[in-house]
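Text of input_35.csv, listed as CSV, C-alpha atoms and all ligand atoms:
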```csv
chain,number,residue,atom,x,y,z
S,9,MET,CA,82.4,75.4,32.8
S,10,LYS,CA,83.5,72.0,31.7
S,11,LYS,CA,80.8,70.1,29.8
S,12,ARG,CA,79.6,66.9,31.2
S,13,ILE,CA,79.3,63.7,29.2
S,14,SER,CA,77.0,60.8,30.1
S,15,VAL,CA,77.4,57.4,28.6
S,16,VAL,CA,74.5,54.9,28.6
S,17,ILE,CA,75.4,51.3,28.3
S,18,PRO,CA,72.7,48.6,28.2
S,19,ALA,CA,74.0,45.2,29.2
S,20,TYR,CA,72.4,41.8,29.1
S,21,PHE,CA,74.5,38.7,29.9
S,22,GLU,CA,77.7,40.6,29.2
S,23,GLU,CA,80.0,39.3,32.0
S,24,MET,CA,82.6,38.5,29.4
S,25,VAL,CA,82.9,42.0,28.0
S,26,ILE,CA,81.7,44.4,30.6
S,27,GLU,CA,85.0,45.0,32.3
S,28,THR,CA,86.9,45.6,29.1
S,29,CYS,CA,84.0,47.9,28.0
S,30,TYR,CA,84.5,49.9,31.2
S,31,GLN,CA,88.2,50.1,30.7
S,32,ARG,CA,88.0,51.2,27.1
S,33,LEU,CA,85.4,53.8,27.8
S,34,SER,CA,87.4,55.2,30.8
S,35,ALA,CA,90.5,55.4,28.6
S,36,VAL,CA,88.7,57.3,25.9
S,37,LEU,CA,87.0,59.7,28.3
S,38,GLU,CA,90.0,60.6,30.3
S,39,GLY,CA,90.2,64.3,30.6
S,40,PHE,CA,86.4,64.7,30.3
S,41,ASP,CA,83.9,65.2,33.1
S,42,TYR,CA,81.8,62.1,32.6
S,43,GLU,CA,79.6,59.4,34.1
S,44,LEU,CA,79.1,55.9,32.9
S,45,ILE,CA,75.5,54.6,33.3
S,46,PHE,CA,75.3,50.9,33.0
S,47,VAL,CA,71.8,49.4,32.8
S,48,ASP,CA,71.7,45.7,33.7
S,49,ASP,CA,68.7,44.4,31.8
S,50,GLY,CA,68.0,41.5,34.1
S,51,SER,CA,71.1,39.4,33.2
S,52,GLY,CA,71.3,36.1,35.0
S,53,ASP,CA,75.1,35.9,35.0
S,54,HIS,CA,77.8,37.9,36.8
S,55,THR,CA,77.2,41.2,34.9
S,56,LEU,CA,75.7,42.9,37.9
S,57,ASP,CA,78.3,41.7,40.3
S,58,ILE,CA,81.1,43.0,38.1
S,59,LEU,CA,79.3,46.3,37.7
S,60,LYS,CA,78.8,46.6,41.5
S,61,ALA,CA,82.5,46.1,42.0
S,62,LEU,CA,83.3,48.7,39.4
S,63,ALA,CA,81.0,51.2,41.1
S,64,VAL,CA,82.7,50.7,44.4
S,65,LYS,CA,86.1,51.6,42.9
S,66,ASP,CA,84.8,54.3,40.6
S,67,ALA,CA,82.1,56.8,41.6
S,68,ARG,CA,81.6,57.8,38.0
S,69,VAL,CA,80.1,54.4,37.4
S,70,LYS,CA,76.3,54.4,37.9
S,71,VAL,CA,74.3,51.2,37.8
S,72,LEU,CA,70.7,50.5,37.2
S,73,SER,CA,69.5,46.9,37.5
S,74,PHE,CA,66.2,45.8,36.1
S,75,SER,CA,64.0,43.4,37.9
S,76,ARG,CA,63.9,41.2,34.8
S,77,ASN,CA,64.7,41.4,31.2
S,78,PHE,CA,62.8,44.3,29.6
S,79,GLY,CA,64.8,44.5,26.4
S,80,HIS,CA,67.5,46.7,25.0
S,81,GLN,CA,65.2,49.6,24.1
S,82,ALA,CA,63.8,49.8,27.6
S,83,ALA,CA,67.4,49.7,29.1
S,84,VAL,CA,68.5,52.6,26.9
S,85,THR,CA,65.4,54.5,27.9
S,86,ALA,CA,66.1,54.0,31.6
S,87,GLY,CA,69.7,55.2,31.2
S,88,LEU,CA,68.5,58.3,29.3
S,89,HIS,CA,66.1,59.1,32.1
S,90,ILE,CA,68.8,59.4,34.7
S,91,ALA,CA,71.6,60.8,32.5
S,92,LYS,CA,72.8,64.2,33.8
S,93,GLY,CA,75.3,65.1,31.0
S,94,ASP,CA,75.2,68.1,28.7
S,95,ALA,CA,75.6,65.4,26.0
S,96,VAL,CA,74.6,61.7,26.3
S,97,VAL,CA,76.2,58.9,24.3
S,98,VAL,CA,74.4,55.6,23.9
S,99,ILE,CA,76.7,52.6,23.2
S,100,ASP,CA,76.4,48.8,23.2
S,101,ALA,CA,78.3,46.9,25.9
S,102,ASP,CA,79.8,44.4,23.5
S,103,LEU,CA,82.3,46.9,21.9
S,104,GLN,CA,80.9,46.5,18.4
S,105,ASP,CA,80.6,50.2,18.6
S,106,PRO,CA,84.1,51.5,19.1
S,107,PRO,CA,84.3,53.9,22.1
S,108,GLU,CA,87.3,55.5,20.4
S,109,ILE,CA,85.1,57.5,18.1
S,110,ILE,CA,83.3,59.2,21.0
S,111,PRO,CA,85.7,62.1,21.0
S,112,ASP,CA,84.9,62.7,17.3
S,113,MET,CA,81.2,62.7,18.2
S,114,ILE,CA,81.9,65.2,21.0
S,115,ALA,CA,83.8,67.4,18.6
S,116,LEU,CA,80.9,67.4,16.1
S,117,TRP,CA,78.5,68.2,19.0
S,118,GLU,CA,80.7,71.1,20.1
S,119,GLN,CA,80.5,72.4,16.5
S,120,GLY,CA,76.8,72.9,17.1
S,121,ASN,CA,75.2,69.6,16.1
S,122,ASP,CA,72.5,68.3,18.4
S,123,VAL,CA,72.6,64.6,17.4
S,124,VAL,CA,75.7,62.7,16.1
S,125,TYR,CA,74.7,59.2,14.9
S,126,ALA,CA,77.2,56.6,14.1
S,127,LYS,CA,76.6,55.2,10.6
S,128,ARG,CA,78.1,51.8,9.8
S,129,LYS,CA,80.4,51.7,6.9
S,130,LYS,CA,81.0,48.0,7.0
S,131,ARG,CA,79.8,45.1,9.1
S,132,GLU,CA,82.6,42.9,10.2
S,133,GLY,CA,82.1,39.4,11.5
S,134,GLU,CA,78.4,39.3,10.9
S,135,SER,CA,76.7,36.5,9.1
S,136,LEU,CA,75.2,36.9,5.7
S,137,PHE,CA,71.8,36.3,7.2
S,138,LYS,CA,72.3,39.2,9.6
S,139,ARG,CA,73.5,41.5,6.8
S,140,VAL,CA,70.6,40.5,4.5
S,141,THR,CA,67.9,40.8,7.1
S,142,ALA,CA,69.3,44.1,8.3
S,143,LYS,CA,69.3,45.4,4.7
S,144,MET,CA,65.7,44.2,4.2
S,145,PHE,CA,64.7,45.8,7.5
S,146,TYR,CA,65.9,49.3,6.5
S,147,ARG,CA,64.3,49.0,3.0
S,148,LEU,CA,61.0,48.0,4.6
S,149,LEU,CA,61.2,50.9,7.1
S,150,HIS,CA,61.8,53.3,4.3
S,151,VAL,CA,58.7,52.2,2.5
S,152,PHE,CA,56.4,52.2,5.5
S,153,SER,CA,57.6,54.8,7.8
S,154,ASP,CA,56.4,58.4,7.9
S,155,THR,CA,59.7,59.4,9.6
S,156,ASP,CA,62.9,59.2,7.6
S,157,ILE,CA,65.1,56.9,9.6
S,158,PRO,CA,68.7,56.8,8.5
S,159,GLU,CA,70.0,53.5,7.1
S,160,ASP,CA,72.7,51.5,8.7
S,161,THR,CA,72.4,53.3,12.0
S,162,GLY,CA,71.9,51.6,15.3
S,163,ASP,CA,71.5,53.2,18.7
S,164,PHE,CA,75.1,54.3,18.9
S,165,ARG,CA,74.8,58.1,19.0
S,166,LEU,CA,75.5,61.2,20.9
S,167,MET,CA,72.6,63.5,21.8
S,168,ASP,CA,72.5,67.0,23.2
S,169,LYS,CA,70.7,67.5,26.5
S,170,LYS,CA,67.8,69.2,24.9
S,171,VAL,CA,67.3,66.3,22.6
S,172,VAL,CA,67.4,63.9,25.5
S,173,ASP,CA,64.8,66.0,27.4
S,174,ALA,CA,62.5,65.9,24.4
S,175,PHE,CA,63.1,62.2,24.0
S,176,ASN,CA,62.3,61.6,27.7
S,177,ALA,CA,58.9,63.4,27.1
S,178,MET,CA,57.9,60.6,24.7
S,179,GLY,CA,56.0,58.1,26.8
S,180,GLU,CA,55.2,55.4,24.3
S,181,HIS,CA,55.6,51.8,25.4
S,182,ASN,CA,56.6,50.2,22.1
S,183,ARG,CA,59.8,51.9,21.6
S,184,PHE,CA,62.0,52.1,18.5
S,185,ILE,CA,64.6,54.5,19.7
S,186,ARG,CA,66.5,55.3,16.5
S,187,GLY,CA,63.2,56.2,14.9
S,188,MET,CA,62.1,58.3,17.9
S,189,VAL,CA,65.3,60.2,17.8
S,190,ALA,CA,64.9,60.8,14.0
S,191,TRP,CA,61.4,61.9,14.6
S,192,LEU,CA,62.6,64.5,17.1
S,193,GLY,CA,64.4,66.5,14.5
S,194,TYR,CA,67.1,69.1,15.5
S,195,LYS,CA,70.4,69.2,13.8
S,196,GLN,CA,71.5,65.6,13.2
S,197,VAL,CA,74.7,64.5,11.5
S,198,PRO,CA,76.1,61.1,10.7
S,199,LEU,CA,79.6,59.9,11.6
S,200,GLU,CA,80.9,56.9,9.7
S,201,TYR,CA,82.6,54.1,11.3
S,202,VAL,CA,83.4,50.4,10.9
S,203,ARG,CA,81.3,48.1,13.0
S,204,GLU,CA,83.6,45.6,14.6
S,205,LYS,CA,83.1,42.0,15.7
S,206,ARG,CA,81.5,41.4,19.0
S,207,PHE,CA,84.4,41.5,21.6
S,208,ALA,CA,83.1,38.3,23.3
S,209,GLY,CA,79.9,36.4,23.9
S,210,LYS,CA,77.2,36.2,21.3
S,211,THR,CA,74.3,38.3,20.1
S,212,LYS,CA,71.5,38.8,22.6
S,213,TYR,CA,69.2,39.9,19.8
S,214,THR,CA,67.5,36.7,19.0
S,215,LEU,CA,65.3,36.4,15.9
S,216,LYS,CA,62.3,37.0,18.1
S,217,LYS,CA,63.7,40.2,19.5
S,218,MET,CA,64.7,41.4,16.1
S,219,LEU,CA,61.2,40.7,14.7
S,220,SER,CA,59.6,42.5,17.6
S,221,LEU,CA,61.9,45.5,17.0
S,222,SER,CA,60.9,45.5,13.3
S,223,TYR,CA,57.3,45.4,14.3
S,224,ASN,CA,57.8,48.4,16.6
S,225,ALA,CA,59.7,50.2,13.8
S,226,ILE,CA,56.8,49.8,11.4
S,227,PHE,CA,53.8,50.0,13.6
S,228,SER,CA,55.0,52.7,16.0
S,229,PHE,CA,56.1,54.9,13.1
S,230,SER,CA,53.5,54.5,10.6
S,231,VAL,CA,49.7,54.2,10.2
S,232,THR,CA,50.2,53.3,6.6
S,233,PRO,CA,49.1,49.7,7.0
S,234,ILE,CA,45.8,50.6,8.6
S,235,LYS,CA,45.1,53.3,6.1
S,236,PHE,CA,45.8,50.8,3.3
S,237,ILE,CA,42.5,49.0,4.2
S,238,LYS,CA,40.5,52.0,3.1
S,239,SER,CA,42.2,52.1,-0.3
S,240,LEU,CA,41.7,48.4,-0.6
S,241,GLY,CA,37.9,49.0,0.0
S,242,LEU,CA,37.8,51.7,-2.7
S,243,ILE,CA,39.6,49.4,-5.2
S,244,THR,CA,37.1,46.7,-4.5
S,245,LEU,CA,34.2,49.0,-4.9
S,246,ALA,CA,35.5,50.2,-8.2
S,247,PHE,CA,35.9,46.5,-9.2
S,248,ALA,CA,32.3,45.9,-8.1
S,249,ALA,CA,31.1,48.7,-10.4
S,250,GLY,CA,32.9,46.9,-13.3
S,251,VAL,CA,31.4,43.6,-12.3
S,252,ILE,CA,27.9,45.2,-12.3
S,253,ILE,CA,28.3,46.5,-15.8
S,254,TYR,CA,29.7,43.2,-17.0
S,255,VAL,CA,26.9,41.2,-15.3
S,256,LEU,CA,24.1,43.4,-16.7
S,257,VAL,CA,25.6,43.2,-20.2
S,258,SER,CA,25.8,39.4,-19.9
S,259,LYS,CA,22.2,39.3,-18.7
S,260,GLY,CA,21.1,41.5,-21.5
S,261,THR,CA,22.7,39.3,-24.1
S,262,GLY,CA,21.2,36.2,-22.4
S,263,ASN,CA,24.6,34.8,-21.5
S,264,ALA,CA,23.9,34.5,-17.8
S,265,ILE,CA,22.9,31.5,-15.7
S,266,PRO,CA,19.9,32.4,-13.5
S,267,GLY,CA,21.1,33.5,-10.0
S,268,TRP,CA,24.6,34.3,-11.1
S,269,SER,CA,24.0,38.0,-11.7
S,270,SER,CA,22.5,38.7,-8.2
S,271,LEU,CA,25.2,36.7,-6.5
S,272,MET,CA,28.1,38.5,-8.3
S,273,ILE,CA,26.6,41.9,-7.6
S,274,VAL,CA,25.8,41.2,-3.9
S,275,THR,CA,29.3,39.6,-3.2
S,276,THR,CA,31.5,42.2,-4.8
S,277,VAL,CA,29.5,45.2,-3.5
S,278,LEU,CA,29.3,43.9,0.0
S,279,MET,CA,33.0,43.0,0.0
S,280,GLY,CA,33.8,46.6,-1.1
S,281,VAL,CA,31.5,48.1,1.5
S,282,GLN,CA,32.9,45.9,4.3
S,283,LEU,CA,36.5,46.7,3.4
S,284,PHE,CA,35.7,50.4,3.1
S,285,SER,CA,33.9,50.4,6.5
S,286,MET,CA,36.9,48.7,8.1
S,287,GLY,CA,39.0,51.4,6.5
S,288,ILE,CA,36.9,54.0,8.2
S,289,LEU,CA,37.3,52.2,11.6
S,290,GLY,CA,41.0,52.2,10.8
S,291,GLU,CA,41.0,56.0,10.5
S,292,TYR,CA,39.6,56.3,13.9
S,293,ILE,CA,41.9,53.7,15.4
S,294,ALA,CA,44.9,55.4,13.8
S,295,ARG,CA,43.8,58.7,15.3
S,296,THR,CA,43.2,57.2,18.8
S,297,TYR,CA,46.6,55.6,18.5
S,298,GLU,CA,48.3,58.8,17.7
S,299,GLU,CA,46.5,60.6,20.5
S,300,ALA,CA,47.2,57.8,23.0
S,301,ARG,CA,50.9,57.9,22.3
S,302,LYS,CA,51.0,61.5,23.6
S,303,ARG,CA,54.0,62.6,21.7
S,304,PRO,CA,54.8,66.3,21.9
S,305,ILE,CA,52.9,68.3,19.3
S,306,TYR,CA,56.0,70.2,18.3
S,307,LEU,CA,59.5,70.8,19.5
S,308,VAL,CA,61.2,74.2,19.6
S,309,SER,CA,64.9,74.3,18.9
S,310,GLU,CA,65.5,78.1,19.3
S,311,LYS,CA,63.6,81.0,20.7
S,312,ILE,CA,64.4,84.5,19.6
S,313,ASN,CA,63.1,87.6,21.4
S,314,VAL,CA,60.6,85.3,23.2
S,315,GLU,CA,60.5,85.5,26.9
S,316,GLU,CA,60.4,82.4,29.0
S,317,ASN,CA,57.0,81.7,30.5
S,318,LYS,CA,57.0,81.6,34.3
F,1,LIG,N1,70.8,44.1,25.3
F,1,LIG,C1,70.0,44.4,26.4
F,1,LIG,N2,68.8,43.6,26.5
F,1,LIG,C2,68.4,42.7,25.7
F,1,LIG,C3,69.3,42.4,24.6
F,1,LIG,C4,70.4,43.1,24.4
F,1,LIG,O1,70.3,45.2,27.2
F,1,LIG,O2,67.4,42.1,25.9
F,1,LIG,C5,72.1,44.8,25.1
F,1,LIG,C6,73.3,44.0,24.9
F,1,LIG,O3,73.9,43.7,26.2
F,1,LIG,C7,74.2,44.9,24.1
F,1,LIG,C8,73.2,45.7,23.3
F,1,LIG,O4,71.9,45.6,23.9
F,1,LIG,O5,74.9,45.8,24.9
F,1,LIG,C9,73.1,45.1,21.9
F,1,LIG,O6,72.8,43.8,21.9
F,1,LIG,P1,73.6,42.7,20.9
F,1,LIG,O7,75.0,43.1,20.8
F,1,LIG,O8,73.3,41.4,21.4
F,1,LIG,O9,72.8,43.0,19.6
F,1,LIG,P2,73.5,43.0,18.1
F,1,LIG,O10,74.7,43.9,18.2
F,1,LIG,O11,73.8,41.6,17.8
F,1,LIG,O12,72.4,43.5,17.2
F,2,MG,MG,76.2,43.7,19.4
```
Using structure tokens, write down the structure from this file.
Amino acid sequence: MKKRISVVIPAYFEEMVIETCYQRLSAVLEGFDYELIFVDDGSGDHTLDILKALAVKDARVKVLSFSRNFGHQAAVTAGLHIAKGDAVVVIDADLQDPPEIIPDMIALWEQGNDVVYAKRKKREGESLFKRVTAKMFYRLLHVFSDTDIPEDTGDFRLMDKKVVDAFNAMGEHNRFIRGMVAWLGYKQVPLEYVREKRFAGKTKYTLKKMLSLSYNAIFSFSVTPIKFIKSLGLITLAFAAGVIIYVLVSKGTGNAIPGWSSLMIVTTVLMGVQLFSMGILGEYIARTYEEARKRPIYLVSEKINVEENK
């Protein structure tokens, strides 16, 4: 049977590009059995009207419209929830991700890869600021995150149905999709491409949205910061031990002003104890956090000689 391809396209104030986006996707996917899932993320312009008109003409166009702006990651999530394809492609509406490489993604998928992620070779038409902040962002992620998240990779990727199902089982609210997909594992391969200029309109990722995404990337993927408190406590306690020796020696040689020794000892020791206690609380918070997120404990990619449970 012919394999079905779903394409998920989040759109926020994209009235200037959405029609062209539809045309280029349709042209590329001709010959495939496909559906285009547009998620209107509470745009206040004509994006939804244009999408409705497209859906009337073309039954392969599915539209979800949000009650307000929930953000790009929520829009992609919603699209993935309803996608029915054997493979699902996530792509931006602004045509910065060229739809023309989708057939290459499909080819790699048919060769047995579960995730094909588009890796930017070059960023065209993006400000120095954007390039520098993006670079810093990936560096920071690498340092903090427990999951290895590929550099220069956005949300433009193809995922096999089993990966999408696993992804849909992740119920966390603060979502950083590219990290979540990296966390899932399976067979993932990059596909290099040149990121183009935005076709029209301007970026919807304000500095605030970018910062919030970076926060999610770090705090949803790592408990390193909270665990750091405990180490800080231990370092302070070690320092306190040094201070005690120094103070006692000074007292012994009569070099200490009255009151100084007790003050030094009490402050450093208490600081250490406090930080260390906070670190212990941090351990519990980290655990509660990991449990609350309810991620799957493991994911199976193949079963050999194992019968399916009823
Ligand atoms: N987007 C969205 N909701 C938002 C912000 C952006 O659905 O709150 C969509 C937007 O329409 C586009 C994609 O997410 O299809 C990426 O946004 P944008 O191109 O503005 O980001 P950039 O490429 O500048 O990082
Ligand atoms: Mg863009």
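Pocket residues of ligand MG 2 (chain F), taken as those with any atom at most 9 Å away using only C-alpha atoms and all ligand atoms, are Asp100, Ala101, Asp102, Leu103, Gln104, Asp105, Lys205, Arg206, Phe207, Lys210, Thr211, Lys212 and Tyr213 of chain S.
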Got a sec to check which residues lie within 10 Å of ligand LIG 1 (chain F), using only C-alpha atoms and all ligand atoms, and send them as a short mmCIF file (atom, residue, chain, number, x, y, z; two decimals) with C-alpha atoms, keeping the file's coordinate frame?
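Result file follows (result_19.cif):
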```cif
data_model
loop_
_atom_site.label_atom_id
_atom_site.label_comp_id
_atom_site.auth_asym_id
_atom_site.auth_seq_id
_atom_site.Cartn_x
_atom_site.Cartn_y
_atom_site.Cartn_z
CA VAL S 16 74.50 54.90 28.60
CA ILE S 17 75.40 51.30 28.30
CA PRO S 18 72.70 48.60 28.20
CA ALA S 19 74.00 45.20 29.20
CA TYR S 20 72.40 41.80 29.10
CA PHE S 21 74.50 38.70 29.90
CA GLU S 22 77.70 40.60 29.20
CA GLU S 23 80.00 39.30 32.00
CA VAL S 25 82.90 42.00 28.00
CA ILE S 26 81.70 44.40 30.60
CA CYS S 29 84.00 47.90 28.00
CA PHE S 46 75.30 50.90 33.00
CA VAL S 47 71.80 49.40 32.80
CA ASP S 48 71.70 45.70 33.70
CA ASP S 49 68.70 44.40 31.80
CA GLY S 50 68.00 41.50 34.10
CA SER S 51 71.10 39.40 33.20
CA THR S 55 77.20 41.20 34.90
CA PHE S 74 66.20 45.80 36.10
CA ARG S 76 63.90 41.20 34.80
CA ASN S 77 64.70 41.40 31.20
CA PHE S 78 62.80 44.30 29.60
CA GLY S 79 64.80 44.50 26.40
CA HIS S 80 67.50 46.70 25.00
CA GLN S 81 65.20 49.60 24.10
CA ALA S 82 63.80 49.80 27.60
CA ALA S 83 67.40 49.70 29.10
CA VAL S 84 68.50 52.60 26.90
CA VAL S 98 74.40 55.60 23.90
CA ILE S 99 76.70 52.60 23.20
CA ASP S 100 76.40 48.80 23.20
CA ALA S 101 78.30 46.90 25.90
CA ASP S 102 79.80 44.40 23.50
CA LEU S 103 82.30 46.90 21.90
CA GLN S 104 80.90 46.50 18.40
CA ASP S 105 80.60 50.20 18.60
CA GLU S 134 78.40 39.30 10.90
CA LYS S 138 72.30 39.20 9.60
CA ALA S 142 69.30 44.10 8.30
CA GLY S 162 71.90 51.60 15.30
CA ASP S 163 71.50 53.20 18.70
CA PHE S 164 75.10 54.30 18.90
CA ARG S 203 81.30 48.10 13.00
CA GLU S 204 83.60 45.60 14.60
CA LYS S 205 83.10 42.00 15.70
CA ARG S 206 81.50 41.40 19.00
CA PHE S 207 84.40 41.50 21.60
CA ALA S 208 83.10 38.30 23.30
CA GLY S 209 79.90 36.40 23.90
CA LYS S 210 77.20 36.20 21.30
CA THR S 211 74.30 38.30 20.10
CA LYS S 212 71.50 38.80 22.60
CA TYR S 213 69.20 39.90 19.80
CA THR S 214 67.50 36.70 19.00
CA LYS S 217 63.70 40.20 19.50
CA MET S 218 64.70 41.40 16.10
#
```
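Between CA of Lys311 (chain S) and CA of Met178 (chain S) the interatomic distance comes to 21.6 Å.
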Taking all atoms listed in the file into account, name the residue in S:Asn176, S:Ser258, S:Thr276, S:Asn224 that is nearest to Ala246 (chain S). S:Thr276
Sorted by chain and rising residue number, which residues of region 211-307 of chain S lie within 9 Å of region 183-193 of chain S, and what are their closest atom pairs and distances in Å to one decimal, counting all atoms listed in the file, as a tab-separated table?
```
residue	atom	partner	partner_atom	distance
S:Leu221	CA	S:Phe184	CA	6.8
S:Ser222	CA	S:Phe184	CA	8.5
S:Asn224	CA	S:Phe184	CA	5.9
S:Ala225	CA	S:Phe184	CA	5.6
S:Ser228	CA	S:Arg183	CA	7.4
S:Phe229	CA	S:Gly187	CA	7.4
S:Tyr306	CA	S:Leu192	CA	8.8
S:Leu307	CA	S:Leu192	CA	7.4
```
Coordinates-based distance that separates CA of Phe137 (chain S) from CA of Pro233 (chain S) (Å, one decimal): 26.4 Å
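Taking only C-alpha atoms into account, Lys11 (chain S) lies nearest to S:Ala115 out of the set S:Ile226, S:Leu59, S:Val71, S:Ala115.
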Interatomic distance (Å, one decimal) between CA of Leu215 (chain S) and CA of Glu159 (chain S): 19.8 Å
For Gly93 (chain S), which residue among S:Lys65, S:His54, S:Arg128, S:Lys169 is the nearest when counting only C-alpha atoms? S:Lys169
Counting only C-alpha atoms, figure out which residue out of S:Thr261, S:Ser75, S:Ser34, S:Thr85 gets nearest to Ile110 (chain S). S:Ser34
Name all residues at most 6 Å from region 297-305 of chain S (count only C-alpha atoms; drop same-chain ones fewer than 2 positions away) and give them as a list in words. Met178, Glu180, Ile293, Ala294 and Arg295 of chain S
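Considering only C-alpha atoms, the residue among S:Ile45, S:Ile13, S:Met167, S:Leu245 positioned nearest to Leu62 (chain S) is S:Ile45.
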Within-12 Å shell of (76.7, 64.4, 17.8) in input frame, all atoms listed in the file, as a ChimeraX atom specification: /S:13,94-98,109-127,164-169,171,194-200
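The smallest atom-to-atom distance between Tyr254 (chain S) and any of S:Ile234, S:Met272, S:Leu240, S:Leu37, using only C-alpha atoms, is found for S:Met272.
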